[in-house]
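The block underneath contains the structure these notes are about, expressed in structure tokens.
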Amino acid sequence: MKILVAIKRVLDANVPVRIRADGLDVEISGARMSINPFDEVALEEAVRLKECGSASEVLAVALGAAVNQDILRHALALGADRAVQVEAPAGLQPLGVAKLLQAVVAREQPDLVLIGKQAVDDDAGQEGQMLAALLGWPQATFVSALQIENQALQAVREVDGGTETLALPLPAVVTADLRLNEPRFIKLPSLMLARKKPIEALSADALGVDLAPRLSVKALSEPPARGAGRLVADAAELVECLQIEGRRLEIKELS
């Protein structure tokens, strides 16, 4: 069984986010970048499935410029067998990502696609669902436990009321929650070996995918500063404050 894992290069979670001077995006020039944490969890799960004999090959795929090679090297060091970089313009939107992945899936014919449930830069959380729809495959989203037996997949996923368990036939698309696992620490020898492994390059143009944006960003702004809190004497005063605030919000909405 072949597993395809889509990974994304994002601003490191420990780096403070600053809005660009033009107000249309965040500033990443010179900033530290890393693999999207949700995608790393998906990659770790794929490697574990291979280690337990449920999978025979793990393929890591990144979309974008040549700078993505650093996260592909990371994927190879973690345990991926192959890495593919799809050369595509910056600013890909979720539908464009899903269409490119659809083309790669048609080329590689994996039995399972694993992807993080969202990326920490835009938090869109749409690519996995869109890809499943384009492929016509069953999907399990926000998965926190995964098991494969007899070419069938059992997934535990997070829902508002707790969790639910799904049984899916393969091929399928799965989006990983952070609770799925904890990625392993990559040792230096693995990183050194990964630097010598080849990374296959594909052109988005050669895949014949329409990447025209469907959405446009008008402006980004910092969230408003939170007002100072105050102590209340007891629960009765707290309820009174909440009632006053609720009426204030109702008046604001009506106006």
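Order determines the names: the first chain of the structure tokens is A, the second B, and so forth; residues in each chain are numbered 1 upward, and ligands are numbered 1 upward as they are shown.
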As a PyMOL selection string, which residues of segment 24-198 of chain A does DSSP assign to alpha helix (DSSP H)? chain A and resi 37-51+69-78+94-108+127-135+188-194
With the cut-off set at 12 Å and counting only C-alpha atoms, tabulate each residue of segment 142-186 of chain A with an atom at most that distance from an atom of segment 115-128 of chain A, showing the nearest atom pair and its distance in Å to one decimal, ordered by chain and increasing number, as JSON lines.
{"residue": "A:Phe142", "atom": "CA", "partner": "A:Lys117", "partner_atom": "CA", "distance": 5.8}
{"residue": "A:Val143", "atom": "CA", "partner": "A:Lys117", "partner_atom": "CA", "distance": 8.3}
{"residue": "A:Ser144", "atom": "CA", "partner": "A:Lys117", "partner_atom": "CA", "distance": 10.6}
{"residue": "A:Arg157", "atom": "CA", "partner": "A:Lys117", "partner_atom": "CA", "distance": 11.0}
{"residue": "A:Glu158", "atom": "CA", "partner": "A:Lys117", "partner_atom": "CA", "distance": 11.1}
{"residue": "A:Ala172", "atom": "CA", "partner": "A:Gly128", "partner_atom": "CA", "distance": 10.4}
{"residue": "A:Val173", "atom": "CA", "partner": "A:Gly128", "partner_atom": "CA", "distance": 6.8}
{"residue": "A:Val174", "atom": "CA", "partner": "A:Ile115", "partner_atom": "CA", "distance": 6.4}
{"residue": "A:Thr175", "atom": "CA", "partner": "A:Lys117", "partner_atom": "CA", "distance": 4.5}
{"residue": "A:Ala176", "atom": "CA", "partner": "A:Gly116", "partner_atom": "CA", "distance": 4.7}
{"residue": "A:Asp177", "atom": "CA", "partner": "A:Lys117", "partner_atom": "CA", "distance": 6.0}
{"residue": "A:Leu178", "atom": "CA", "partner": "A:Gly116", "partner_atom": "CA", "distance": 8.4}
{"residue": "A:Arg179", "atom": "CA", "partner": "A:Lys117", "partner_atom": "CA", "distance": 11.3}
{"residue": "A:Leu180", "atom": "CA", "partner": "A:Gly116", "partner_atom": "CA", "distance": 10.3}
{"residue": "A:Asn181", "atom": "CA", "partner": "A:Gly116", "partner_atom": "CA", "distance": 12.0}
I want to know what sits within 12 Å of Arg9 of chain A, based on only C-alpha atoms, with residues of the same chain fewer than 6 positions away left out; could you give that as a PyMOL selection string? chain A and resi 28+31-40+61-75+85+90+119-122
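Closest to Ile7 of chain A among A:Leu76, A:Ala140, A:Leu249, A:Leu170 is A:Leu76, based on only C-alpha atoms.
Going from atom CA of Arg230 of chain A to atom CA of Ile244 of chain A covers 14.6 Å.
Here the question is which of A:Leu168, A:Leu135, A:Arg248, A:Gly162 gets nearest to Gln109 of chain A using only C-alpha atoms, and that residue is A:Leu135.
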9 Å contact set for segment 48-60 of chain A, only C-alpha atoms, chain neighbours under 6 positions out, as a list in words: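 Within the cut-off, the hits are Met1, Lys2, Ile3, Leu4, Val5, Ala6, Ile7, Leu72, Ala75, Leu76, Gly79, Ala80, Asp81, Arg82, Ala83, Val84, Gln85, Pro110, Gln147, Ile148, Glu149 and Gln151 of chain A.
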Export of the given selection (C-alpha atoms) as a PDB file, in the first residue's frame:
ATOM      1  CA  MET A   1       0.000   0.000   0.000  1.00  0.00           C
ATOM      2  CA  LYS A   2       1.301   3.433  -0.956  1.00  0.00           C
ATOM      3  CA  ILE A   3       0.619   6.467   1.243  1.00  0.00           C
ATOM      4  CA  LEU A   4       0.867  10.013  -0.091  1.00  0.00           C
ATOM      5  CA  VAL A   5       1.426  12.745   2.498  1.00  0.00           C
ATOM      6  CA  ALA A   6       1.004  16.393   1.510  1.00  0.00           C
ATOM      7  CA  ILE A   7       3.153  18.794   3.546  1.00  0.00           C
ATOM      8  CA  LEU A  72      10.979  17.601   1.998  1.00  0.00           C
ATOM      9  CA  ALA A  75      10.187  14.330   5.557  1.00  0.00           C
ATOM     10  CA  LEU A  76      12.890  12.053   4.152  1.00  0.00           C
ATOM     11  CA  GLY A  79      11.106   8.206   7.228  1.00  0.00           C
ATOM     12  CA  ALA A  80       9.488   9.032   3.888  1.00  0.00           C
ATOM     13  CA  ASP A  81      10.750   6.886   0.995  1.00  0.00           C
ATOM     14  CA  ARG A  82      10.378   9.494  -1.754  1.00  0.00           C
ATOM     15  CA  ALA A  83       9.840  13.220  -2.057  1.00  0.00           C
ATOM     16  CA  VAL A  84       8.192  15.211  -4.830  1.00  0.00           C
ATOM     17  CA  GLN A  85       8.201  18.984  -5.196  1.00  0.00           C
ATOM     18  CA  PRO A 110      -1.689   5.968  -3.765  1.00  0.00           C
ATOM     19  CA  GLN A 147      -5.913   1.643  12.064  1.00  0.00           C
ATOM     20  CA  ILE A 148      -5.764  -0.322   8.802  1.00  0.00           C
ATOM     21  CA  GLU A 149      -6.810  -3.960   8.496  1.00  0.00           C
ATOM     22  CA  GLN A 151      -7.518  -3.041   3.077  1.00  0.00           C
TER      23      GLN A 151
END
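Picture a line from atom CA of Glu222 of chain A to atom CA of Arg247 of chain A; it runs 26.5 Å.
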Among segment 2-218 of chain A, which ones does DSSP place in strand (DSSP E or B), written as a PyMOL selection string? chain A and resi 2-7+9-11+19+26+33-35+57-64+82-87+112-116+139-149+152-159+162-169+172-176+200-203
Can you work out which one of A:Ala233, A:Leu215, A:Leu92, A:Ala145 has the shortest atom-to-atom distance to Val41 of chain A, counting only C-alpha atoms?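 Of all the options, A:Ala145 lies closest to Val41 of chain A.
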